[in-house]
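Peer 1: Supplied structure: target_22.cif, mmCIF, C-alpha atoms and all ligand atoms.
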data_model
loop_
_atom_site.group_PDB
_atom_site.id
_atom_site.type_symbol
_atom_site.label_atom_id
_atom_site.label_comp_id
_atom_site.auth_asym_id
_atom_site.auth_seq_id
_atom_site.Cartn_x
_atom_site.Cartn_y
_atom_site.Cartn_z
ATOM 1 C CA MET S 5 0.000 0.000 0.000
ATOM 2 C CA ASN S 6 1.281 3.488 -0.899
ATOM 3 C CA LYS S 7 0.614 6.791 0.827
ATOM 4 C CA ALA S 8 -0.034 10.203 -0.698
ATOM 5 C CA ILE S 9 -0.515 13.674 0.768
ATOM 6 C CA ILE S 10 -2.891 16.181 -0.829
ATOM 7 C CA LYS S 11 -1.007 19.273 -2.048
ATOM 8 C CA ASN S 12 -3.738 20.964 -4.072
ATOM 9 C CA LYS S 13 -7.465 20.612 -4.693
ATOM 10 C CA ILE S 14 -9.509 22.377 -7.382
ATOM 11 C CA GLN S 15 -13.243 21.865 -7.754
ATOM 12 C CA VAL S 16 -14.432 23.125 -11.130
ATOM 13 C CA ASN S 17 -16.699 22.116 -14.024
ATOM 14 C CA GLY S 18 -17.888 18.807 -12.629
ATOM 15 C CA PHE S 19 -14.493 17.567 -11.514
ATOM 16 C CA ILE S 20 -12.564 17.530 -8.262
ATOM 17 C CA SER S 21 -8.956 17.667 -9.286
ATOM 18 C CA ILE S 22 -6.538 16.549 -6.578
ATOM 19 C CA THR S 23 -2.763 16.800 -6.782
ATOM 20 C CA ALA S 24 -0.978 14.606 -4.272
ATOM 21 C CA SER S 25 2.634 13.820 -3.454
ATOM 22 C CA PHE S 26 3.924 10.290 -2.983
ATOM 23 C CA GLU S 27 7.162 8.802 -1.759
ATOM 24 C CA GLY S 28 9.965 7.760 -4.087
ATOM 25 C CA ASP S 29 9.264 6.943 -7.739
ATOM 26 C CA VAL S 30 6.191 4.773 -7.292
ATOM 27 C CA ILE S 31 4.485 6.775 -10.089
ATOM 28 C CA THR S 32 6.470 7.979 -13.110
ATOM 29 C CA ASN S 33 5.643 9.533 -16.490
ATOM 30 C CA LYS S 34 5.164 6.096 -18.002
ATOM 31 C CA ASP S 35 2.130 5.635 -15.712
ATOM 32 C CA LEU S 36 0.276 8.629 -17.210
ATOM 33 C CA GLY S 37 -3.186 7.551 -18.292
ATOM 34 C CA GLY S 38 -2.889 4.408 -16.196
ATOM 35 C CA TYR S 39 -4.723 4.126 -12.905
ATOM 36 C CA VAL S 40 -4.383 3.801 -9.172
ATOM 37 C CA LYS S 41 -6.757 2.192 -6.712
ATOM 38 C CA TRP S 42 -7.836 4.734 -4.133
ATOM 39 C CA VAL S 43 -8.314 2.911 -0.792
ATOM 40 C CA ASP S 44 -10.790 4.002 1.895
ATOM 41 C CA SER S 45 -8.836 4.090 5.178
ATOM 42 C CA ILE S 46 -11.633 2.617 7.315
ATOM 43 C CA SER S 47 -13.433 0.055 5.169
ATOM 44 C CA GLU S 48 -10.494 -0.578 2.799
ATOM 45 C CA THR S 49 -12.976 -0.244 -0.089
ATOM 46 C CA LYS S 50 -11.047 0.245 -3.337
ATOM 47 C CA ARG S 51 -11.981 2.407 -6.306
ATOM 48 C CA THR S 52 -10.229 2.994 -9.622
ATOM 49 C CA VAL S 53 -9.144 6.453 -10.769
ATOM 50 C CA SER S 54 -6.971 7.437 -13.723
ATOM 51 C CA ILE S 55 -3.609 9.153 -13.391
ATOM 52 C CA SER S 56 -4.355 12.413 -15.143
ATOM 53 C CA LYS S 57 -0.997 14.173 -14.680
ATOM 54 C CA VAL S 58 2.426 13.290 -13.274
ATOM 55 C CA ASP S 59 5.177 15.647 -12.188
ATOM 56 C CA GLU S 60 8.349 13.645 -11.601
ATOM 57 C CA THR S 61 10.285 16.674 -10.361
ATOM 58 C CA ASP S 62 8.193 17.029 -7.219
ATOM 59 C CA SER S 63 6.815 13.443 -7.103
ATOM 60 C CA THR S 64 3.170 14.408 -7.520
ATOM 61 C CA MET S 65 0.263 12.995 -9.470
ATOM 62 C CA THR S 66 -3.080 14.567 -10.296
ATOM 63 C CA LEU S 67 -6.305 12.565 -10.084
ATOM 64 C CA ASP S 68 -9.519 14.021 -11.537
ATOM 65 C CA PHE S 69 -12.563 12.703 -9.701
ATOM 66 C CA VAL S 70 -16.004 13.112 -11.296
ATOM 67 C CA ASP S 71 -18.198 15.022 -8.881
ATOM 68 C CA HIS S 72 -21.104 12.649 -9.565
ATOM 69 C CA GLY S 73 -23.225 13.803 -6.641
ATOM 70 C CA ARG S 74 -24.114 10.336 -5.405
ATOM 71 C CA GLU S 75 -23.156 8.622 -2.168
ATOM 72 C CA GLY S 76 -20.107 6.689 -3.404
ATOM 73 C CA LYS S 77 -17.197 6.329 -0.982
ATOM 74 C CA MET S 78 -14.638 7.769 -3.386
ATOM 75 C CA ALA S 79 -16.777 10.691 -4.569
ATOM 76 C CA THR S 80 -17.717 11.580 -0.978
ATOM 77 C CA TRP S 81 -14.077 11.465 0.073
ATOM 78 C CA ALA S 82 -13.027 13.610 -2.889
ATOM 79 C CA ARG S 83 -15.663 16.219 -2.013
ATOM 80 C CA ASP S 84 -14.694 16.336 1.693
ATOM 81 C CA CYS S 85 -10.901 15.972 1.688
ATOM 82 C CA LYS S 86 -8.577 18.899 2.425
ATOM 83 C CA ILE S 87 -5.077 19.978 1.502
ATOM 84 C CA GLY S 88 -2.661 18.206 3.869
ATOM 85 C CA ASP S 89 -4.838 15.069 4.247
ATOM 86 C CA GLU S 90 -3.175 11.721 3.661
ATOM 87 C CA PHE S 91 -4.704 8.838 1.703
ATOM 88 C CA GLN S 92 -3.714 5.348 0.659
ATOM 89 C CA PHE S 93 -3.541 3.945 -2.824
ATOM 90 C CA MET S 94 -2.518 0.790 -4.657
ATOM 91 C CA GLY S 95 -0.951 0.531 -8.076
ATOM 92 C CA PRO S 96 -0.208 1.945 -10.548
ATOM 93 C CA GLY S 97 -1.937 -0.132 -13.221
ATOM 94 C CA PRO S 98 -1.067 0.244 -16.905
ATOM 95 C CA ALA S 99 -2.437 2.838 -19.332
ATOM 96 C CA ALA S 100 -4.655 1.700 -22.202
ATOM 97 C CA ASN S 101 -2.223 3.058 -24.795
ATOM 98 C CA ILE S 102 -3.402 2.515 -28.335
ATOM 99 C CA SER S 103 -1.301 2.224 -31.473
ATOM 100 C CA LEU S 104 -0.031 5.528 -32.887
ATOM 101 C CA ASN S 105 -0.249 4.261 -36.481
ATOM 102 C CA GLY S 106 -3.918 4.802 -37.361
ATOM 103 C CA ASP S 107 -5.500 7.134 -39.927
ATOM 104 C CA ASP S 108 -8.703 7.792 -38.001
ATOM 105 C CA TYR S 109 -9.139 7.692 -34.236
ATOM 106 C CA TYR S 110 -12.489 7.497 -32.448
ATOM 107 C CA PHE S 111 -12.492 8.456 -28.794
ATOM 108 C CA LEU S 112 -15.853 7.866 -27.144
ATOM 109 C CA GLY S 113 -16.403 8.284 -23.431
ATOM 110 C CA ASP S 114 -18.073 9.951 -20.503
ATOM 111 C CA ARG S 115 -16.498 12.091 -17.790
ATOM 112 C CA THR S 116 -14.887 9.115 -16.030
ATOM 113 C CA ALA S 117 -12.872 8.569 -19.214
ATOM 114 C CA PHE S 118 -11.890 12.216 -19.789
ATOM 115 C CA PRO S 119 -8.519 11.912 -17.981
ATOM 116 C CA ALA S 120 -7.489 8.780 -19.873
ATOM 117 C CA ILE S 121 -8.692 10.154 -23.225
ATOM 118 C CA ARG S 122 -6.734 13.369 -22.727
ATOM 119 C CA VAL S 123 -3.562 11.367 -22.163
ATOM 120 C CA GLN S 124 -4.142 9.473 -25.433
ATOM 121 C CA LEU S 125 -4.718 12.749 -27.322
ATOM 122 C CA GLU S 126 -1.488 14.151 -25.915
ATOM 123 C CA ARG S 127 0.414 10.998 -26.987
ATOM 124 C CA LEU S 128 -0.893 11.475 -30.532
ATOM 125 C CA LEU S 129 0.014 15.160 -30.503
ATOM 126 C CA GLN S 130 3.530 14.419 -29.289
ATOM 127 C CA SER S 131 3.962 11.746 -31.963
ATOM 128 C CA GLN S 132 3.265 14.402 -34.664
ATOM 129 C CA SER S 133 0.428 12.186 -35.915
ATOM 130 C CA LYS S 134 -1.589 13.676 -38.781
ATOM 131 C CA ALA S 135 -4.491 11.331 -38.123
ATOM 132 C CA ASN S 136 -8.104 12.478 -37.913
ATOM 133 C CA LEU S 137 -9.388 12.548 -34.353
ATOM 134 C CA TYR S 138 -13.138 12.019 -33.926
ATOM 135 C CA ILE S 139 -14.154 12.677 -30.352
ATOM 136 C CA GLY S 140 -17.570 11.921 -28.827
ATOM 137 C CA LEU S 141 -17.753 13.039 -25.220
ATOM 138 C CA GLU S 142 -20.606 12.807 -22.777
ATOM 139 C CA GLY S 143 -20.509 15.937 -20.647
ATOM 140 C CA SER S 144 -21.606 19.558 -20.645
ATOM 141 C CA LYS S 145 -20.160 22.093 -23.108
ATOM 142 C CA GLU S 146 -18.316 23.787 -20.236
ATOM 143 C CA GLU S 147 -16.805 20.509 -18.992
ATOM 144 C CA ILE S 148 -15.636 19.530 -22.455
ATOM 145 C CA GLN S 149 -14.237 22.987 -23.210
ATOM 146 C CA HIS S 150 -12.448 23.127 -19.859
ATOM 147 C CA TYR S 151 -10.981 19.669 -20.114
ATOM 148 C CA PHE S 152 -10.060 19.468 -23.796
ATOM 149 C CA SER S 153 -9.461 23.100 -24.831
ATOM 150 C CA LYS S 154 -5.971 22.273 -26.110
ATOM 151 C CA TYR S 155 -7.232 19.564 -28.475
ATOM 152 C CA ILE S 156 -10.673 20.533 -29.767
ATOM 153 C CA SER S 157 -9.350 23.422 -31.823
ATOM 154 C CA LEU S 158 -6.709 21.334 -33.633
ATOM 155 C CA PRO S 159 -7.380 21.232 -37.402
ATOM 156 C CA ASN S 160 -7.583 17.433 -37.519
ATOM 157 C CA THR S 161 -9.956 17.167 -34.535
ATOM 158 C CA HIS S 162 -13.696 16.680 -35.047
ATOM 159 C CA LEU S 163 -15.855 17.019 -31.982
ATOM 160 C CA LEU S 164 -18.894 14.803 -32.518
ATOM 161 C CA SER S 165 -22.017 16.430 -31.215
ATOM 162 C CA MET S 166 -23.639 14.443 -28.490
ATOM 163 C CA ASN S 167 -26.203 15.323 -25.857
ATOM 164 C CA GLU S 168 -26.008 13.808 -22.421
ATOM 165 C CA SER S 169 -28.702 11.186 -22.639
ATOM 166 C CA ASP S 170 -29.878 7.894 -21.252
ATOM 167 C CA ASP S 171 -29.866 6.303 -24.688
ATOM 168 C CA GLN S 172 -27.770 3.161 -24.410
ATOM 169 C CA MET S 173 -27.053 3.296 -28.153
ATOM 170 C CA VAL S 174 -25.519 6.754 -27.914
ATOM 171 C CA PHE S 175 -21.960 5.651 -28.759
ATOM 172 C CA VAL S 176 -22.969 3.078 -31.378
ATOM 173 C CA ASN S 177 -25.099 5.725 -33.111
ATOM 174 C CA LEU S 178 -22.141 8.097 -33.171
ATOM 175 C CA PHE S 179 -19.772 5.506 -34.538
ATOM 176 C CA GLU S 180 -22.077 3.906 -37.125
ATOM 177 C CA GLU S 181 -21.632 6.669 -39.684
ATOM 178 C CA PHE S 182 -17.935 5.773 -39.815
ATOM 179 C CA PHE S 183 -17.569 2.009 -39.461
ATOM 180 C CA ASN S 184 -18.928 1.142 -42.914
ATOM 181 C CA ASP S 185 -16.184 3.146 -44.550
ATOM 182 C CA THR S 186 -13.293 0.709 -44.948
ATOM 183 C CA SER S 187 -10.918 3.114 -46.686
ATOM 184 C CA SER S 188 -8.980 4.127 -43.576
ATOM 185 C CA GLU S 189 -7.091 2.442 -40.718
ATOM 186 C CA LYS S 190 -9.446 2.906 -37.777
ATOM 187 C CA ILE S 191 -8.653 2.840 -34.090
ATOM 188 C CA LEU S 192 -11.348 2.902 -31.407
ATOM 189 C CA TRP S 193 -11.031 3.899 -27.759
ATOM 190 C CA CYS S 194 -14.250 3.702 -25.733
ATOM 191 C CA ALA S 195 -14.896 3.781 -21.988
ATOM 192 C CA ALA S 196 -18.010 4.868 -20.110
ATOM 193 C CA GLU S 197 -20.998 3.601 -18.161
ATOM 194 C CA ARG S 198 -21.472 -0.152 -18.626
ATOM 195 C CA ASN S 199 -24.921 -0.089 -20.281
ATOM 196 C CA LYS S 200 -23.608 2.269 -22.955
ATOM 197 C CA VAL S 201 -20.419 0.301 -23.493
ATOM 198 C CA LEU S 202 -22.206 -3.058 -23.943
ATOM 199 C CA PRO S 203 -23.762 -2.218 -27.359
ATOM 200 C CA MET S 204 -20.330 -0.947 -28.494
ATOM 201 C CA ARG S 205 -18.760 -4.201 -27.336
ATOM 202 C CA LYS S 206 -21.261 -6.186 -29.396
ATOM 203 C CA LEU S 207 -20.709 -4.028 -32.453
ATOM 204 C CA VAL S 208 -16.948 -4.271 -32.125
ATOM 205 C CA LYS S 209 -17.171 -8.049 -32.020
ATOM 206 C CA GLU S 210 -18.781 -7.935 -35.472
ATOM 207 C CA ILE S 211 -16.402 -5.441 -37.029
ATOM 208 C CA GLN S 212 -13.154 -6.026 -35.156
ATOM 209 C CA SER S 213 -11.301 -7.227 -38.230
ATOM 210 C CA GLU S 214 -11.772 -3.710 -39.629
ATOM 211 C CA LEU S 215 -10.169 -2.052 -36.617
ATOM 212 C CA VAL S 216 -6.396 -1.722 -36.419
ATOM 213 C CA ASP S 217 -6.500 -1.395 -32.638
ATOM 214 C CA LYS S 218 -9.145 -0.954 -29.976
ATOM 215 C CA TYR S 219 -9.726 -0.403 -26.276
ATOM 216 C CA ILE S 220 -13.188 -0.872 -24.865
ATOM 217 C CA SER S 221 -14.031 -0.917 -21.186
ATOM 218 C CA SER S 222 -16.873 -0.189 -18.805
ATOM 219 C CA TYR S 223 -15.825 2.142 -15.992
ATOM 220 C CA TRP S 224 -18.935 2.155 -13.785
ATOM 221 C CA GLN S 225 -22.595 1.155 -13.811
ATOM 222 C CA ASN S 226 -25.600 3.348 -13.162
ATOM 223 C CA GLY S 227 -27.258 2.524 -9.810
ATOM 224 C CA LEU S 228 -24.604 0.016 -8.706
ATOM 225 C CA LYS S 229 -21.607 0.323 -6.402
ATOM 226 C CA ASP S 230 -18.333 -0.495 -8.032
ATOM 227 C CA GLU S 231 -18.073 -3.965 -6.437
ATOM 228 C CA GLU S 232 -21.455 -4.869 -8.014
ATOM 229 C CA HIS S 233 -20.483 -3.330 -11.353
ATOM 230 C CA LYS S 234 -17.267 -5.374 -11.380
ATOM 231 C CA LYS S 235 -19.188 -8.664 -11.031
ATOM 232 C CA ASN S 236 -21.241 -7.732 -14.106
ATOM 233 C CA LYS S 237 -18.182 -6.516 -15.968
ATOM 234 C CA LYS S 238 -16.590 -9.957 -15.614
ATOM 235 C CA LEU S 239 -19.460 -11.421 -17.626
ATOM 236 C CA ASP S 240 -18.802 -8.959 -20.459
ATOM 237 C CA SER S 241 -15.454 -10.465 -21.394
ATOM 238 C CA ALA S 242 -17.443 -13.414 -22.831
ATOM 239 C CA ILE S 243 -19.060 -11.110 -25.433
HETATM 240 C C1 LIG I 1 -9.717 2.073 -15.593
HETATM 241 C C2 LIG I 1 -10.703 3.031 -14.898
HETATM 242 C C3 LIG I 1 -10.387 4.377 -14.802
HETATM 243 C C4 LIG I 1 -11.270 5.262 -14.160
HETATM 244 N N1 LIG I 1 -10.921 6.581 -14.065
HETATM 245 C C5 LIG I 1 -11.735 7.440 -13.385
HETATM 246 C C6 LIG I 1 -11.354 8.806 -13.197
HETATM 247 O O1 LIG I 1 -10.262 9.243 -13.608
HETATM 248 N N2 LIG I 1 -12.211 9.624 -12.524
HETATM 249 C C7 LIG I 1 -13.416 9.162 -12.006
HETATM 250 O O2 LIG I 1 -14.142 9.947 -11.383
HETATM 251 N N3 LIG I 1 -13.789 7.874 -12.195
HETATM 252 C C8 LIG I 1 -12.974 7.009 -12.837
HETATM 253 N N4 LIG I 1 -13.356 5.687 -12.994
HETATM 254 C C9 LIG I 1 -14.697 5.299 -12.553
HETATM 255 C C10 LIG I 1 -14.829 5.129 -11.033
HETATM 256 O O3 LIG I 1 -13.962 4.093 -10.596
HETATM 257 C C11 LIG I 1 -16.300 4.786 -10.697
HETATM 258 O O4 LIG I 1 -17.138 5.831 -11.127
HETATM 259 C C12 LIG I 1 -16.542 4.473 -9.240
HETATM 260 O O5 LIG I 1 -17.703 3.694 -9.152
HETATM 261 C C13 LIG I 1 -16.732 5.687 -8.347
HETATM 262 O O6 LIG I 1 -16.761 5.240 -7.012
HETATM 263 P P1 LIG I 1 -17.677 5.874 -5.881
HETATM 264 O O7 LIG I 1 -17.206 5.291 -4.574
HETATM 265 O O8 LIG I 1 -17.727 7.353 -6.007
HETATM 266 O O9 LIG I 1 -19.146 5.334 -6.213
HETATM 267 P P2 LIG I 1 -19.753 3.802 -6.048
HETATM 268 O O10 LIG I 1 -19.797 3.420 -4.589
HETATM 269 O O11 LIG I 1 -19.031 2.884 -6.933
HETATM 270 O O12 LIG I 1 -21.233 4.045 -6.552
HETATM 271 C C14 LIG I 1 -22.206 4.764 -5.752
HETATM 272 C C15 LIG I 1 -23.327 5.286 -6.678
HETATM 273 O O13 LIG I 1 -22.789 6.294 -7.531
HETATM 274 C C16 LIG I 1 -23.006 5.962 -8.903
HETATM 275 N N5 LIG I 1 -21.826 6.405 -9.705
HETATM 276 C C17 LIG I 1 -20.554 5.921 -9.661
HETATM 277 N N6 LIG I 1 -19.760 6.575 -10.536
HETATM 278 C C18 LIG I 1 -20.573 7.482 -11.152
HETATM 279 C C19 LIG I 1 -20.365 8.474 -12.153
HETATM 280 N N7 LIG I 1 -19.150 8.682 -12.709
HETATM 281 N N8 LIG I 1 -21.420 9.229 -12.549
HETATM 282 C C20 LIG I 1 -22.662 9.070 -11.996
HETATM 283 N N9 LIG I 1 -22.921 8.146 -11.035
HETATM 284 C C21 LIG I 1 -21.891 7.380 -10.613
HETATM 285 C C22 LIG I 1 -23.167 4.440 -8.917
HETATM 286 O O14 LIG I 1 -23.911 4.004 -10.034
HETATM 287 C C23 LIG I 1 -23.903 4.201 -7.598
HETATM 288 O O15 LIG I 1 -25.281 4.434 -7.741
HETATM 289 C C24 LIG I 1 -12.504 4.784 -13.622
HETATM 290 C C25 LIG I 1 -12.810 3.401 -13.720
HETATM 291 C C26 LIG I 1 -11.920 2.551 -14.351
HETATM 292 C C27 LIG I 1 -12.262 1.069 -14.445
#
How would this structure read if it were set down as structure tokens?

Peer 2:
Amino acid sequence: MNKAIIKNKIQVNGFISITASFEGDVITNKDLGGYVKWVDSISETKRTVSISKVDETDSTMTLDFVDHGREGKMATWARDCKIGDEFQFMGPGPAANISLNGDDYYFLGDRTAFPAIRVQLERLLQSQSKANLYIGLEGSKEEIQHYFSKYISLPNTHLLSMNESDDQMVFVNLFEEFFNDTSSEKILWCAAERNKVLPMRKLVKEIQSELVDKYISSYWQNGLKDEEHKKNKKLDSAI
């Protein structure tokens, strides 16, 4: 188990962004976009959160927690914690880094996936990729603008318009206008609420031979605590 101390906390546009220091080199730049398991100090309940930023010079990482307004242990802790508080974490776990050799990239996700998606966009930018970036994000205009301002104005970036909605087909509907076109090397990255990821998973099973690379994962499930979501998620690997 690792320990971290909160150095900064910013609550803005639906996120609680916490920068925390850790001992030694337990987290390094190569862990960007990977994840840690935040651990509740009393119940030892574990929750997954992406590593949004790393600063090796002062041994800090930034974790961006969605302020989802429900009673979850991690969200409640993130709302209540203060600068100087200590917390425990496990990990890091690896980033879902996709190939840098595609023509067209499709990033689909909700706010829980914003940190990981931003890391993938930065990797592509750093690689001087000229690929087209199609981005479908579930969140308010302000949240998207705040989080992705550096990327959405790039000439090769296309922000797909999407309203926050309960429609489970929301990502499939966004992607369907593209997947019939076989003229480009396509790469898909999709992570969000489980019921919205499941139809994508089914679609991807049908068309996976047309994708050069893919990452598809459910990050949480509406109405369920993470331990319950994880049981369901295990079943999805059979799809
Ligand atoms: C690889 C990976 C990376 C992730 N990265 C991040 C990240 O960077 N930031 C982040 O905030 N989350 C991230 N998540 C998702 C996060 O682990 C879950 O949202 C988790 O369930 C939150 O825990 P909790 O204790 O707040 O709520 P839980 O106790 O798990 O759930 C309590 C209630 O809140 C609801 N709930 C949980 N999450 C949300 C949500 N996002 N929106 C609306 N309702 C919700 C549940 O459905 C339930 O009704 C990631 C998950 C994975 C697998």

Peer 1: Edge lengths and centre in Å to one decimal, as JSON, is what I'm after for the box along x, y and z that holds all listed atoms of ligand LIG 1 (chain I) once 6 Å is added on each side.

Peer 2:
{"center_x": -17.5, "center_y": 5.5, "center_z": -10.1, "size_x": 27.6, "size_y": 20.9, "size_z": 23.0}

Peer 1: Within 6 Å of ligand LIG 1 (chain I), which residues show up when you count only C-alpha atoms and all ligand atoms? List them as a ChimeraX atom specification, please.

Peer 2: /S:39,51-54,68-70,72,74-79,116-117,119,223-230

Peer 1: Could you list, as a PyMOL selection string, every residue within 12 Å of Leu239 (chain S), counting all atoms listed in the file and ignoring same-chain residues fewer than 6 positions away?

Peer 2: chain S and resi 198+202+222+232-233

Peer 1: Give one line per residue of region 13-48 of chain S that approaches region 131-146 of chain S to at most 12 Å, naming the two atoms of the closest pair and their distance in Å to one decimal, counting all atoms listed in the file; sort by chain then ascending residue number and deliver it as CSV.

Peer 2:
residue,atom,partner,partner_atom,distance
S:Val16,CA,S:Glu146,CA,9.9
S:Asn17,CA,S:Glu146,CA,6.6
S:Gly18,CA,S:Ser144,CA,8.9
S:Phe19,CA,S:Gly143,CA,11.1

Peer 1: Which distance in Å separates CA of Ser103 (chain S) and CA of Trp42 (chain S), to one decimal?

Peer 2: 28.2 Å

Peer 1: Go through S:Ile46, S:Leu164, S:Val216, S:Val176 one by one, measure the shortest atom-to-atom distance of each to Ser188 (chain S) using all atoms listed in the file, and give the residue with the smallest value.

Peer 2: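 Closest to Ser188 (chain S), using all atoms listed in the file: S:Val216.
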
Peer 1: What does the distance between CA of Lys190 (chain S) and CA of Lys238 (chain S) come to in Å, to one decimal place?

Peer 2: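 Separating CA of Lys190 (chain S) from CA of Lys238 (chain S) is a distance of 26.6 Å.
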
Peer 1: Rounded to one decimal place, report the CA of Gln149 (chain S)-CA of Leu163 (chain S) distance in Å.

Peer 2: 10.7 Å

Peer 1: So which one's closest to Ile191 (chain S), S:Ile156, S:Met166, S:Leu104, S:Ile148? Using all atoms listed in the file, please.

Peer 2: S:Leu104

Peer 1: Measuring atom to atom with all atoms listed in the file, identify which of S:Leu178, S:Ile20, S:Val40, S:Met65 is nearest to Met94 (chain S).

Peer 2: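 Ranking S:Leu178, S:Ile20, S:Val40, S:Met65 by distance to Met94 (chain S), first place goes to S:Val40.
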
Peer 1: Which is closer to Asp62 (chain S) than all the others in S:Asn105, S:Ser187, S:Thr32, S:Ser153, using only C-alpha atoms?

Peer 2: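 Looking only at the distances to Asp62 (chain S), the closest residue turns out to be S:Thr32.
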